[in-house]
file start_15.csv (CSV, C-alpha atoms)
chain,number,residue,atom,x,y,z
A,9,MET,CA,26.1,-63.8,166.7
A,10,ALA,CA,27.6,-64.7,163.4
A,11,VAL,CA,26.8,-68.0,161.6
A,12,ILE,CA,29.7,-69.8,159.9
A,13,ARG,CA,28.9,-71.8,156.8
A,14,ARG,CA,30.4,-72.8,153.5
A,15,MET,CA,30.7,-70.1,150.9
A,16,ARG,CA,28.3,-70.1,148.1
A,17,GLU,CA,28.6,-68.6,144.6
A,18,THR,CA,26.0,-66.0,145.7
A,19,ASP,CA,28.5,-64.8,148.3
A,20,THR,CA,31.3,-63.9,145.8
A,21,GLU,CA,30.3,-60.3,145.3
A,22,GLN,CA,30.3,-59.6,149.0
A,23,ALA,CA,33.5,-61.6,149.5
A,24,SER,CA,35.3,-59.6,146.8
A,25,ALA,CA,34.1,-56.3,148.3
A,26,LEU,CA,35.4,-57.4,151.7
A,27,GLU,CA,38.8,-58.3,150.1
A,28,ALA,CA,38.9,-54.9,148.3
A,29,ASP,CA,38.3,-53.1,151.6
A,30,ASN,CA,41.1,-55.1,153.4
A,31,PHE,CA,43.8,-55.7,150.8
A,32,SER,CA,45.5,-53.8,148.0
A,33,ASP,CA,45.6,-57.0,146.0
A,34,GLY,CA,42.4,-58.7,147.2
A,35,TRP,CA,40.6,-61.4,145.3
A,36,THR,CA,38.0,-60.4,142.7
A,37,GLU,CA,34.5,-61.9,142.4
A,38,HIS,CA,35.8,-64.0,139.5
A,39,ASP,CA,38.7,-65.3,141.6
A,40,PHE,CA,36.2,-66.6,144.2
A,41,GLU,CA,33.9,-68.1,141.6
A,42,GLU,CA,36.7,-70.0,140.0
A,43,THR,CA,38.1,-71.2,143.4
A,44,LEU,CA,34.7,-72.4,144.5
A,45,ARG,CA,34.7,-74.8,141.6
A,46,LEU,CA,37.9,-76.5,142.7
A,47,ASP,CA,37.3,-79.9,144.4
A,48,TYR,CA,40.1,-79.3,146.9
A,49,ALA,CA,39.0,-75.8,148.0
A,50,TYR,CA,36.8,-75.2,151.0
A,51,TYR,CA,35.8,-71.6,151.7
A,52,TYR,CA,33.8,-70.4,154.7
A,53,VAL,CA,32.0,-67.2,155.6
A,54,ALA,CA,30.9,-65.6,158.8
A,55,GLU,CA,27.5,-64.0,158.2
A,56,GLU,CA,25.4,-61.8,160.5
A,57,GLY,CA,22.0,-60.5,159.6
A,58,GLY,CA,22.4,-61.6,156.0
A,59,ARG,CA,25.7,-59.7,155.6
A,60,LEU,CA,29.0,-61.3,155.1
A,61,ILE,CA,31.4,-60.1,157.8
A,62,GLY,CA,34.3,-62.5,157.3
A,63,ILE,CA,35.9,-65.1,155.1
A,64,CYS,CA,38.4,-67.9,155.4
A,65,GLY,CA,39.6,-70.4,152.8
A,66,LEU,CA,41.2,-73.8,153.1
A,67,ARG,CA,42.8,-75.8,150.3
A,68,ASN,CA,43.7,-79.4,150.6
A,69,ILE,CA,47.0,-79.6,148.7
A,70,ALA,CA,48.3,-83.1,148.7
A,71,GLY,CA,47.0,-83.7,152.2
A,72,GLU,CA,48.3,-80.5,153.6
A,73,GLY,CA,46.0,-77.6,154.5
A,74,GLU,CA,46.7,-74.1,153.0
A,75,ILE,CA,44.8,-71.4,154.9
A,76,THR,CA,43.9,-68.5,152.6
A,77,ASN,CA,41.9,-65.3,152.5
A,78,VAL,CA,41.4,-64.7,156.3
A,79,SER,CA,39.6,-61.4,156.1
A,80,VAL,CA,37.2,-59.7,158.5
A,81,ASP,CA,35.1,-56.6,158.0
A,82,ILE,CA,36.8,-53.8,159.9
A,83,ARG,CA,33.7,-53.2,162.1
A,84,TYR,CA,33.9,-56.7,163.3
A,85,ARG,CA,37.6,-57.0,164.1
A,86,GLN,CA,38.7,-57.9,167.7
A,87,LYS,CA,35.3,-59.6,168.2
A,88,GLY,CA,36.3,-63.2,167.6
A,89,VAL,CA,35.2,-63.5,164.0
A,90,ALA,CA,38.6,-64.4,162.6
A,91,SER,CA,39.2,-66.9,165.5
A,92,ALA,CA,35.8,-68.6,164.8
A,93,LEU,CA,36.5,-68.8,161.1
A,94,LEU,CA,40.0,-70.2,161.6
A,95,GLU,CA,38.9,-72.7,164.2
A,96,HIS,CA,36.1,-73.9,161.8
A,97,ALA,CA,38.5,-74.3,158.9
A,98,LEU,CA,41.0,-76.2,161.0
A,99,LYS,CA,38.3,-78.6,162.3
A,100,GLU,CA,36.9,-79.1,158.8
A,101,GLY,CA,40.4,-79.8,157.6
A,102,GLY,CA,40.9,-82.4,160.4
A,103,LYS,CA,37.7,-84.1,159.1
A,104,LEU,CA,39.4,-84.3,155.7
A,105,GLY,CA,42.5,-86.0,157.3
A,106,ILE,CA,44.7,-82.9,157.2
A,107,ARG,CA,47.2,-82.9,160.0
A,108,ASP,CA,49.5,-80.0,158.9
A,109,PHE,CA,48.4,-76.5,157.9
A,110,THR,CA,50.3,-73.6,156.4
A,111,LEU,CA,49.6,-69.9,155.7
A,112,GLU,CA,51.3,-66.7,154.7
A,113,VAL,CA,50.8,-63.4,156.5
A,114,ARG,CA,52.3,-60.0,156.0
A,115,ILE,CA,55.4,-59.7,158.2
A,116,SER,CA,54.0,-56.4,159.6
A,117,ASN,CA,50.6,-57.8,160.6
A,118,ALA,CA,51.3,-58.5,164.3
A,119,PRO,CA,47.6,-59.0,165.3
A,120,ALA,CA,47.2,-61.7,162.6
A,121,ILE,CA,50.5,-63.4,163.6
A,122,ARG,CA,49.4,-63.4,167.3
A,123,LEU,CA,46.1,-65.0,166.2
A,124,TYR,CA,47.8,-67.7,164.2
A,125,GLU,CA,50.2,-68.4,167.0
A,126,LYS,CA,47.3,-68.8,169.4
A,127,PHE,CA,46.2,-71.7,167.1
A,128,GLY,CA,49.6,-73.3,167.2
A,129,PHE,CA,51.1,-71.8,164.0
A,130,ARG,CA,54.8,-71.0,164.1
A,131,GLY,CA,57.0,-69.0,161.7
A,132,GLU,CA,59.2,-71.2,159.6
A,133,GLY,CA,60.3,-68.9,156.7
A,134,VAL,CA,59.9,-65.7,154.8
A,135,ARG,CA,58.9,-65.1,151.2
A,136,LYS,CA,60.7,-61.9,150.1
A,137,GLY,CA,58.5,-59.3,148.4
A,138,PHE,CA,55.4,-61.5,148.4
A,139,TYR,CA,52.8,-58.8,149.0
A,140,GLU,CA,52.1,-55.5,147.4
A,141,LYS,CA,52.7,-52.7,149.9
A,142,LEU,CA,50.2,-50.0,150.5
A,143,GLN,CA,52.9,-47.3,150.4
A,144,GLU,CA,53.6,-44.5,147.9
A,145,ASN,CA,57.1,-45.9,147.2
A,146,GLY,CA,55.6,-49.1,145.8
A,147,GLU,CA,57.6,-51.4,148.0
A,148,ARG,CA,56.6,-55.0,148.3
A,149,GLU,CA,56.3,-56.6,151.7
A,150,ASP,CA,57.6,-59.9,152.9
A,151,ALA,CA,55.3,-62.7,153.9
A,152,LEU,CA,56.0,-64.8,157.0
A,153,ILE,CA,55.4,-68.5,156.2
A,154,MET,CA,53.7,-70.2,159.2
A,155,TRP,CA,53.0,-73.8,159.8
A,156,LYS,CA,50.9,-75.7,162.3
A,157,ARG,CA,52.3,-79.3,162.4
A,158,GLN,CA,50.9,-82.1,164.3
A,159,ALA,CA,53.0,-85.2,165.3
A,160,MET,CA,51.5,-88.6,165.0
A,161,ASP,CA,50.8,-88.7,168.8
A,162,GLY,CA,48.7,-85.5,168.5
A,163,THR,CA,51.2,-83.1,169.9
A,164,ILE,CA,51.9,-79.9,168.0
A,165,THR,CA,55.5,-79.5,166.8
A,166,THR,CA,57.4,-76.8,165.1
A,167,VAL,CA,60.8,-76.3,163.4
A,168,PHE,CA,61.6,-72.9,164.9
A,169,PRO,CA,61.0,-71.2,168.2
A,170,ALA,CA,57.6,-69.5,168.7
A,171,ASN,CA,59.2,-66.0,168.4
A,172,SER,CA,61.1,-66.7,165.3
A,173,HIS,CA,59.2,-64.0,163.3
A,174,VAL,CA,60.7,-61.2,165.4
call {"tool": "encode", "arguments": {"input": "start_15.csv", "output": "structure tokens"}}
result
Amino acid sequence: MAVIRRMRETDTEQASALEADNFSDGWTEHDFEETLRLDYAYYYVAEEGGRLIGICGLRNIAGEGEITNVSVDIRYRQKGVASALLEHALKEGGKLGIRDFTLEVRISNAPAIRLYEKFGFRGEGVRKGFYEKLQENGEREDALIMWKRQAMDGTITTVFPANSHV
């Protein structure tokens, strides 16, 4: 079973390799090194047998949580790694006093959208042409902006219906 822990600078090479495998515009080793030095950034890894199999970032931006870099090794997808990482990041954010979380996801990434919805995220907007597209025509892909908002009484609220991304 994978162990989830804070990312260390010694993880940046494996993290950037994982990003390169999963994204056309993935973070570099330098990107991770710089981010780990930020006092408002909290990055977590899932590790199994000394090998990094997943990453998830959390930034505390003025008291709101921005989830970044949710990425899992293709051989470990559909095995609960992304869920475990996201759950961990949300719990750690809660300890920091974060009540509302946001993230961006490719509009075409239905499995990721379903995962985020399972954790209470809802689509609230679109960023046009946010992602580079892995197509020959060079099209950029839109990002769905999702939020997980928590009311003062602990209930989860949303601005739009759950299926607003469709």
call {"tool": "residues_near_point", "arguments": {"input": "start_15.csv", "point": "(49.1, -79.5, 148.7)", "cutoff": "12 Å", "atoms": "only C-alpha atoms", "output": "NGL selection string"}}
result
:A and (48-49 or 66-75 or 106-111)
call {"tool": "write_last_selection", "arguments": {"input": "start_15.csv", "atoms": "C-alpha atoms", "output": "PDB file, keeping the file's coordinate frame"}}
result
ATOM      1  CA  TYR A  48      40.100 -79.300 146.900  1.00  0.00           C
ATOM      2  CA  ALA A  49      39.000 -75.800 148.000  1.00  0.00           C
ATOM      3  CA  LEU A  66      41.200 -73.800 153.100  1.00  0.00           C
ATOM      4  CA  ARG A  67      42.800 -75.800 150.300  1.00  0.00           C
ATOM      5  CA  ASN A  68      43.700 -79.400 150.600  1.00  0.00           C
ATOM      6  CA  ILE A  69      47.000 -79.600 148.700  1.00  0.00           C
ATOM      7  CA  ALA A  70      48.300 -83.100 148.700  1.00  0.00           C
ATOM      8  CA  GLY A  71      47.000 -83.700 152.200  1.00  0.00           C
ATOM      9  CA  GLU A  72      48.300 -80.500 153.600  1.00  0.00           C
ATOM     10  CA  GLY A  73      46.000 -77.600 154.500  1.00  0.00           C
ATOM     11  CA  GLU A  74      46.700 -74.100 153.000  1.00  0.00           C
ATOM     12  CA  ILE A  75      44.800 -71.400 154.900  1.00  0.00           C
ATOM     13  CA  ILE A 106      44.700 -82.900 157.200  1.00  0.00           C
ATOM     14  CA  ARG A 107      47.200 -82.900 160.000  1.00  0.00           C
ATOM     15  CA  ASP A 108      49.500 -80.000 158.900  1.00  0.00           C
ATOM     16  CA  PHE A 109      48.400 -76.500 157.900  1.00  0.00           C
ATOM     17  CA  THR A 110      50.300 -73.600 156.400  1.00  0.00           C
ATOM     18  CA  LEU A 111      49.600 -69.900 155.700  1.00  0.00           C
TER      19      LEU A 111
END
call {"tool": "residues_around", "arguments": {"input": "start_15.csv", "residues": "stretch 13-25 of chain A", "least_positions_apart": "4", "cutoff": "8 Å", "atoms": "all atoms listed in the file", "output": "PyMOL selection string"}}
result
chain A and resi 29+34-38+40-41+44+50-54+60+62-63
call {"tool": "atom_distance", "arguments": {"input": "start_15.csv", "atom1": "atom CA of A:Gly57", "atom2": "atom CA of A:Val89"}}
result
14.2 Å
call {"tool": "closest_residue", "arguments": {"input": "start_15.csv", "among": "A:Gly146, A:Gly128, A:Gly88, A:Gly133", "to": "A:Glu112", "atoms": "all atoms listed in the file"}}
result
A:Gly133
call {"tool": "closest_residue", "arguments": {"input": "start_15.csv", "among": "A:Ile12, A:Leu123, A:Ile82, A:Cys64", "to": "A:Asn30", "atoms": "all atoms listed in the file"}}
result
A:Ile82
call {"tool": "closest_residue", "arguments": {"input": "start_15.csv", "among": "A:Arg157, A:His96, A:Arg122, A:Arg114", "to": "A:Lys136", "atoms": "only C-alpha atoms"}}
result
A:Arg114
call {"tool": "residues_around", "arguments": {"input": "start_15.csv", "residues": "A:Ala118", "least_positions_apart": "2", "cutoff": "12 Å", "atoms": "all atoms listed in the file", "output": "list in words"}}
result
Val113, Arg114, Ile115, Ser116, Ala120, Ile121, Arg122, Leu123, Tyr124, Glu125, Ala151, Leu152, Asn171, His173 and Val174 of chain A
call {"tool": "closest_residue", "arguments": {"input": "start_15.csv", "among": "A:Leu26, A:Leu46, A:Ile153, A:Ala10", "to": "A:Val78", "atoms": "all atoms listed in the file"}}
result
A:Leu26
call {"tool": "build_atoms", "arguments": {"input": "start_15.csv", "residues": "stretch 122-135 of chain A", "atoms": "N, CA and C atoms", "output": "JSON list (two decimals), in the coordinates of the input"}}
result
[["chain", "number", "residue", "atom", "x", "y", "z"],
["A", 122, "ARG", "N", 49.77, -62.98, 165.91],
["A", 122, "ARG", "CA", 49.40, -63.40, 167.30],
["A", 122, "ARG", "C", 48.20, -64.38, 167.22],
["A", 123, "LEU", "N", 47.22, -64.08, 166.37],
["A", 123, "LEU", "CA", 46.10, -65.00, 166.20],
["A", 123, "LEU", "C", 46.51, -66.35, 165.78],
["A", 124, "TYR", "N", 47.33, -66.41, 164.75],
["A", 124, "TYR", "CA", 47.80, -67.70, 164.20],
["A", 124, "TYR", "C", 48.62, -68.45, 165.26],
["A", 125, "GLU", "N", 49.45, -67.73, 166.00],
["A", 125, "GLU", "CA", 50.20, -68.40, 167.00],
["A", 125, "GLU", "C", 49.33, -68.98, 168.12],
["A", 126, "LYS", "N", 48.23, -68.30, 168.42],
["A", 126, "LYS", "CA", 47.30, -68.80, 169.40],
["A", 126, "LYS", "C", 46.72, -70.17, 168.97],
["A", 127, "PHE", "N", 46.66, -70.41, 167.67],
["A", 127, "PHE", "CA", 46.20, -71.70, 167.10],
["A", 127, "PHE", "C", 47.29, -72.68, 166.87],
["A", 128, "GLY", "N", 48.51, -72.36, 167.29],
["A", 128, "GLY", "CA", 49.60, -73.30, 167.20],
["A", 128, "GLY", "C", 50.48, -73.13, 165.93],
["A", 129, "PHE", "N", 50.24, -72.09, 165.14],
["A", 129, "PHE", "CA", 51.10, -71.80, 164.00],
["A", 129, "PHE", "C", 52.41, -71.19, 164.45],
["A", 130, "ARG", "N", 53.49, -71.52, 163.75],
["A", 130, "ARG", "CA", 54.80, -71.00, 164.10],
["A", 130, "ARG", "C", 55.48, -70.55, 162.77],
["A", 131, "GLY", "N", 56.25, -69.46, 162.85],
["A", 131, "GLY", "CA", 57.00, -69.00, 161.70],
["A", 131, "GLY", "C", 58.09, -69.94, 161.32],
["A", 132, "GLU", "N", 58.16, -70.28, 160.02],
["A", 132, "GLU", "CA", 59.20, -71.20, 159.60],
["A", 132, "GLU", "C", 59.98, -70.64, 158.38],
["A", 133, "GLY", "N", 59.62, -69.49, 157.88],
["A", 133, "GLY", "CA", 60.30, -68.90, 156.70],
["A", 133, "GLY", "C", 59.73, -67.63, 156.29],
["A", 134, "VAL", "N", 60.37, -67.03, 155.31],
["A", 134, "VAL", "CA", 59.90, -65.70, 154.80],
["A", 134, "VAL", "C", 59.94, -65.80, 153.26],
["A", 135, "ARG", "N", 58.90, -65.25, 152.64],
["A", 135, "ARG", "CA", 58.90, -65.10, 151.20],
["A", 135, "ARG", "C", 59.12, -63.58, 150.94]]
